[in-house]
Structures are given as structure tokens and as C-alpha cells.
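Peer 1: Provided herewith is a single structure, encoded as C-alpha cells, for subsequent inquiry.
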Amino acid sequence: MSVRRSYTRTGPSWTGWCSERGYEGPTVPAWAKRLAVPDSETPARSKMAVDRLIARREVHLREKTLWRMLYETSGRAEEILGVNIEDLDFAGRRCPVKAKGARTKARRRGQAREDYVLETVYWDAGTARLLPRLLKGRTRGPVFVTHRRPGPGKVVSSRDVCPDTGFARLSYGQARALLDEHTAVRGPGTGWDLHEYRHSSLTHLGEQGASLLMLMAKSRHKKPENVRRYFKPSPDAIAELTSLLAPGDSRR
């Protein structure tokens, strides 16, 4: 048990762990290579497409705020949907989130959210304008809630229910279905995916010249190869970059 716990905490390869502690570990063939990180098939939408979708009149304010916040924070949908009003720093335009694979502060069963190391996401003016309109004076409970109370047979954590309205937190499945409803063109299930906002956000930042280190800081990825999966420059951006190779003053 102690071996497994140490391996999980330090995070090296199994052979490296054995070598550091003087154990005779398994032999890896010389021809063996580390598997490449698979490319992501999630598309990156244009900034114009993102703005136009959020600006549509038939889109509810809740969805407008969620989609804008996903785009401006480059956050994962589960992280943003899990935010409560008490977490929001309106002045600093930021809030802590429980990230994917979050480390625990202490090893014990039934950890609460506060027992995890939280990370910070940042938004800008678009989200800052929409949030107060969405909350309508609410000061506690989930930011994104459904329009009905949970059924009598459903057990919901107190953190996932608005204490003022009794409405439950909007789930990932519900949010995904709402986005698909507004973007599907070839029937249900053919619309956008919530994760596309994260891909689009990081791609647009990269096209504007953000460095790899800054993209890692924004996305909170720990490995550069994972960030590269999210950077999918548009044909126009590649064409503009290629124009820098034009001879002399032909670009003028």
C-alpha cells in the first residue's frame, strides 16, 4: 500500500520509481517509445460564430451567460457549472473552481469541495455584464440553476440547490442538450459540444500571439503537448502568417 501511495504522489514512471529506491524493476526494451498524445477531433469555432450564437434573441439569458463564461475563462464545462455565487469575485472577475483531477489537501473518505486544491479562472467584460442580470439579486447557491425544483425522490446536496428558490444546479447533460438544441442543423446530437468553447478560446488566444506558457497558464494544463491539442488555427490565420514570407514589399 505504501508503494502505491508514494507512486501516486510523486508521479514518476514505474521504472523510474524502482530505480530511485534501489528496486529491480521491469526491463523496458530499447526500441520502446512513449506513445504520442492523440490529437483531438473537437473543432474550434470562429469568434464570429461564438458571438453570433450568444447574441441570438431566442437564447435564454442563462445559456448566454454560461456560453460566454465558458469562452472567456477557457474553463471546462464541469468546472463552470459547479461554481456557486459565493465563489464569485465580481471585482476581480475571477473565481476558484475544482479542476479535473484536483489534488486533495488530505486523504480521507467523502472529501468536500473545500478539501481539494482549487484553481482560479478569469473572465472579462462579456461575462461581467451578463452575470448580474442572471443572478437577479441572488447572493448564494449555484450560479446556473434549472427552472424547476428537484423531484421528491431525488437526493441533492445542499450545495447544489439554491436556498432562495429551491431550484437545482444545472447539470452537464442538461447544458449539453440546450447547446445542441440551438446549434443542431442535421437533427438532435449534431450541434456543438460544450468543450468546443474551451478549444475555441485557446485557439483564438494563440492566433492573437499568446505564448505557449501563457496558454498553459490560462488553460491550467501541466503539459505543453496537451495545450497543443487545443490550438487549431483557422485557414485565414495560417494564410495571414504565410503572407509574412512574401518577397520584399509585395504585402503592401
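By order in the C-alpha cells, chains are A, B, ...; within a chain, residues start at 1; ligands start at 1, following the order shown.
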Which polymer residues have any atom within 8 Å of an atom of Leu130 in chain A, counting only C-alpha atoms, with same-chain residues fewer than 4 positions away left out, as a ChimeraX atom specification?

Peer 2: /A:61,64-65,126,134

Peer 1: Need the shell around range 219-234 of chain A: protein/DNA/RNA residues with any atom at most 8 Å away, counting only C-alpha atoms. Skip same-chain ones fewer than 6 positions apart. Format as an NGL selection string?

Peer 2: :A and (37 or 39-40 or 43-44 or 46 or 74-75 or 198-200 or 202-204 or 206-207 or 212)

Peer 1: Considering only C-alpha atoms, can you say which of A:His182, A:Lys98, A:Lys218, A:His60 comes closest to Glu78 in chain A?

Peer 2: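 When distances to Glu78 in chain A are compared using only C-alpha atoms, the smallest one comes from A:Lys98.
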
Peer 1: With only C-alpha atoms as the counted atoms, please give the residues lying no more than 12 Å from Thr165 in chain A, apart from itself and same-chain residues fewer than 2 positions off, as a list of chain:residue names.

Peer 2: A:Leu135, A:Lys136, A:Gly137, A:Arg138, A:Thr139, A:Arg140, A:Gly141, A:Pro142, A:Val145, A:Thr146, A:His147, A:Arg148, A:Arg149, A:Pro150, A:Asp160, A:Val161, A:Cys162, A:Pro163, A:Phe167, A:Ala168, A:Arg169

Peer 1: Rounded to one decimal in Å, what is the spacing between CA of Trp67 in chain A and CA of Val143 in chain A?

Peer 2: 13.0 Å

Peer 1: Contacts of Val97 in chain A at 7 Å or less, counting only C-alpha atoms, minus same-chain residues fewer than 5 places along, as a list in words?

Peer 2: Glu79, Val83, Leu118, Glu119 and Thr120 of chain A

Peer 1: Mind checking which residues fall within 9 Å of Leu178 in chain A, counting only C-alpha atoms, ignoring those fewer than 5 positions away in the same chain, and posting them as a ChimeraX atom specification?

Peer 2: /A:63,173,183

Peer 1: When you draw a straight line from CA of Leu70 in chain A to CA of Leu194 in chain A, how long is it in Å?

Peer 2: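 Result for CA of Leu70 in chain A versus CA of Leu194 in chain A: 8.1 Å, one decimal.
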
Peer 1: Find the distance between CA of Glu86 in chain A and CA of Arg159 in chain A and write it in Å to one decimal.

Peer 2: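 Taking CA of Glu86 in chain A and CA of Arg159 in chain A, their separation equals 10.7 Å.
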
Peer 1: Within 12 Å of Ala49 in chain A, counting only C-alpha atoms, which residues show up once you throw out same-chain ones fewer than 6 positions away? Write them as an NGL selection string, please.

Peer 2: :A and (55-56 or 71 or 183 or 192 or 196-197 or 200)

Peer 1: Got time to write the residues from that selection, all heavy atoms, as a PDB file, in the first residue's frame?

Peer 2:
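Okay, this is what ended up in out_14.pdb:
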ATOM      1  N   ALA A  55     -25.572  36.067 -29.161  1.00  0.00           N
ATOM      2  CA  ALA A  55     -26.383  37.266 -29.380  1.00  0.00           C
ATOM      3  C   ALA A  55     -27.801  36.947 -29.862  1.00  0.00           C
ATOM      4  O   ALA A  55     -28.646  37.848 -29.906  1.00  0.00           O
ATOM      5  CB  ALA A  55     -25.693  38.177 -30.394  1.00  0.00           C
ATOM      6  N   ARG A  56     -28.090  35.715 -30.193  1.00  0.00           N
ATOM      7  CA  ARG A  56     -29.404  35.374 -30.718  1.00  0.00           C
ATOM      8  C   ARG A  56     -30.497  35.633 -29.679  1.00  0.00           C
ATOM      9  O   ARG A  56     -30.347  35.322 -28.501  1.00  0.00           O
ATOM     10  CB  ARG A  56     -29.425  33.908 -31.163  1.00  0.00           C
ATOM     11  CG  ARG A  56     -28.728  33.710 -32.494  1.00  0.00           C
ATOM     12  CD  ARG A  56     -28.395  32.262 -32.768  1.00  0.00           C
ATOM     13  NE  ARG A  56     -29.557  31.385 -32.704  1.00  0.00           N
ATOM     14  CZ  ARG A  56     -29.505  30.088 -33.000  1.00  0.00           C
ATOM     15  NH1 ARG A  56     -28.361  29.533 -33.367  1.00  0.00           N
ATOM     16  NH2 ARG A  56     -30.594  29.352 -32.913  1.00  0.00           N
ATOM     17  N   TYR A  71     -16.349  30.496 -22.698  1.00  0.00           N
ATOM     18  CA  TYR A  71     -15.433  31.017 -23.713  1.00  0.00           C
ATOM     19  C   TYR A  71     -14.366  31.925 -23.092  1.00  0.00           C
ATOM     20  O   TYR A  71     -13.176  31.794 -23.389  1.00  0.00           O
ATOM     21  CB  TYR A  71     -16.231  31.781 -24.767  1.00  0.00           C
ATOM     22  CG  TYR A  71     -15.376  32.386 -25.866  1.00  0.00           C
ATOM     23  CD1 TYR A  71     -14.735  31.574 -26.799  1.00  0.00           C
ATOM     24  CD2 TYR A  71     -15.228  33.767 -25.963  1.00  0.00           C
ATOM     25  CE1 TYR A  71     -13.955  32.130 -27.800  1.00  0.00           C
ATOM     26  CE2 TYR A  71     -14.455  34.322 -26.968  1.00  0.00           C
ATOM     27  CZ  TYR A  71     -13.819  33.501 -27.884  1.00  0.00           C
ATOM     28  OH  TYR A  71     -13.045  34.062 -28.865  1.00  0.00           O
ATOM     29  N   THR A 183     -27.905  24.652 -31.820  1.00  0.00           N
ATOM     30  CA  THR A 183     -26.861  24.604 -32.851  1.00  0.00           C
ATOM     31  C   THR A 183     -26.999  23.433 -33.820  1.00  0.00           C
ATOM     32  O   THR A 183     -26.314  23.406 -34.840  1.00  0.00           O
ATOM     33  CB  THR A 183     -25.470  24.521 -32.199  1.00  0.00           C
ATOM     34  OG1 THR A 183     -25.418  23.390 -31.309  1.00  0.00           O
ATOM     35  CG2 THR A 183     -25.165  25.790 -31.403  1.00  0.00           C
ATOM     36  N   TRP A 192     -23.197  21.748 -31.518  1.00  0.00           N
ATOM     37  CA  TRP A 192     -21.918  21.994 -30.856  1.00  0.00           C
ATOM     38  C   TRP A 192     -21.828  21.195 -29.564  1.00  0.00           C
ATOM     39  O   TRP A 192     -22.838  20.759 -29.006  1.00  0.00           O
ATOM     40  CB  TRP A 192     -21.777  23.463 -30.506  1.00  0.00           C
ATOM     41  CG  TRP A 192     -21.686  24.394 -31.677  1.00  0.00           C
ATOM     42  CD1 TRP A 192     -22.015  24.131 -32.976  1.00  0.00           C
ATOM     43  CD2 TRP A 192     -21.268  25.762 -31.642  1.00  0.00           C
ATOM     44  NE1 TRP A 192     -21.835  25.243 -33.747  1.00  0.00           N
ATOM     45  CE2 TRP A 192     -21.373  26.256 -32.967  1.00  0.00           C
ATOM     46  CE3 TRP A 192     -20.836  26.616 -30.637  1.00  0.00           C
ATOM     47  CZ2 TRP A 192     -21.049  27.577 -33.290  1.00  0.00           C
ATOM     48  CZ3 TRP A 192     -20.512  27.919 -30.948  1.00  0.00           C
ATOM     49  CH2 TRP A 192     -20.600  28.393 -32.268  1.00  0.00           C
ATOM     50  N   GLU A 196     -16.224  22.676 -26.989  1.00  0.00           N
ATOM     51  CA  GLU A 196     -15.744  23.469 -28.118  1.00  0.00           C
ATOM     52  C   GLU A 196     -15.428  24.907 -27.706  1.00  0.00           C
ATOM     53  O   GLU A 196     -14.609  25.572 -28.344  1.00  0.00           O
ATOM     54  CB  GLU A 196     -16.779  23.454 -29.238  1.00  0.00           C
ATOM     55  CG  GLU A 196     -16.932  22.079 -29.883  1.00  0.00           C
ATOM     56  CD  GLU A 196     -17.962  22.059 -30.990  1.00  0.00           C
ATOM     57  OE1 GLU A 196     -18.216  23.127 -31.587  1.00  0.00           O
ATOM     58  OE2 GLU A 196     -18.520  20.982 -31.256  1.00  0.00           O
ATOM     59  N   TYR A 197     -16.072  25.402 -26.650  1.00  0.00           N
ATOM     60  CA  TYR A 197     -15.768  26.756 -26.200  1.00  0.00           C
ATOM     61  C   TYR A 197     -14.338  26.842 -25.673  1.00  0.00           C
ATOM     62  O   TYR A 197     -13.639  27.839 -25.880  1.00  0.00           O
ATOM     63  CB  TYR A 197     -16.762  27.193 -25.118  1.00  0.00           C
ATOM     64  CG  TYR A 197     -18.112  27.553 -25.673  1.00  0.00           C
ATOM     65  CD1 TYR A 197     -19.201  26.702 -25.529  1.00  0.00           C
ATOM     66  CD2 TYR A 197     -18.308  28.751 -26.359  1.00  0.00           C
ATOM     67  CE1 TYR A 197     -20.443  27.024 -26.048  1.00  0.00           C
ATOM     68  CE2 TYR A 197     -19.543  29.088 -26.877  1.00  0.00           C
ATOM     69  CZ  TYR A 197     -20.602  28.216 -26.728  1.00  0.00           C
ATOM     70  OH  TYR A 197     -21.833  28.540 -27.259  1.00  0.00           O
ATOM     71  N   SER A 200     -12.048  26.688 -28.732  1.00  0.00           N
ATOM     72  CA  SER A 200     -12.128  27.936 -29.488  1.00  0.00           C
ATOM     73  C   SER A 200     -11.404  29.062 -28.776  1.00  0.00           C
ATOM     74  O   SER A 200     -10.671  29.841 -29.393  1.00  0.00           O
ATOM     75  CB  SER A 200     -13.600  28.308 -29.707  1.00  0.00           C
ATOM     76  OG  SER A 200     -14.295  27.269 -30.367  1.00  0.00           O
TER      77      SER A 200
END

Peer 1: Show me, as a PyMOL selection string, the residues that have an atom within 10 Å of Asp193 in chain A when counting only C-alpha atoms, minus same-chain residues fewer than 6 positions from it.

Peer 2: chain A and resi 42-43+77+175-177+179-180+183

Peer 1: Give the alpha helix (DSSP H) residues of range 86-217 of chain A, as assigned by DSSP on the backbone, as a PyMOL selection string.

Peer 2: chain A and resi 125-135+172-183+196-207+212-217
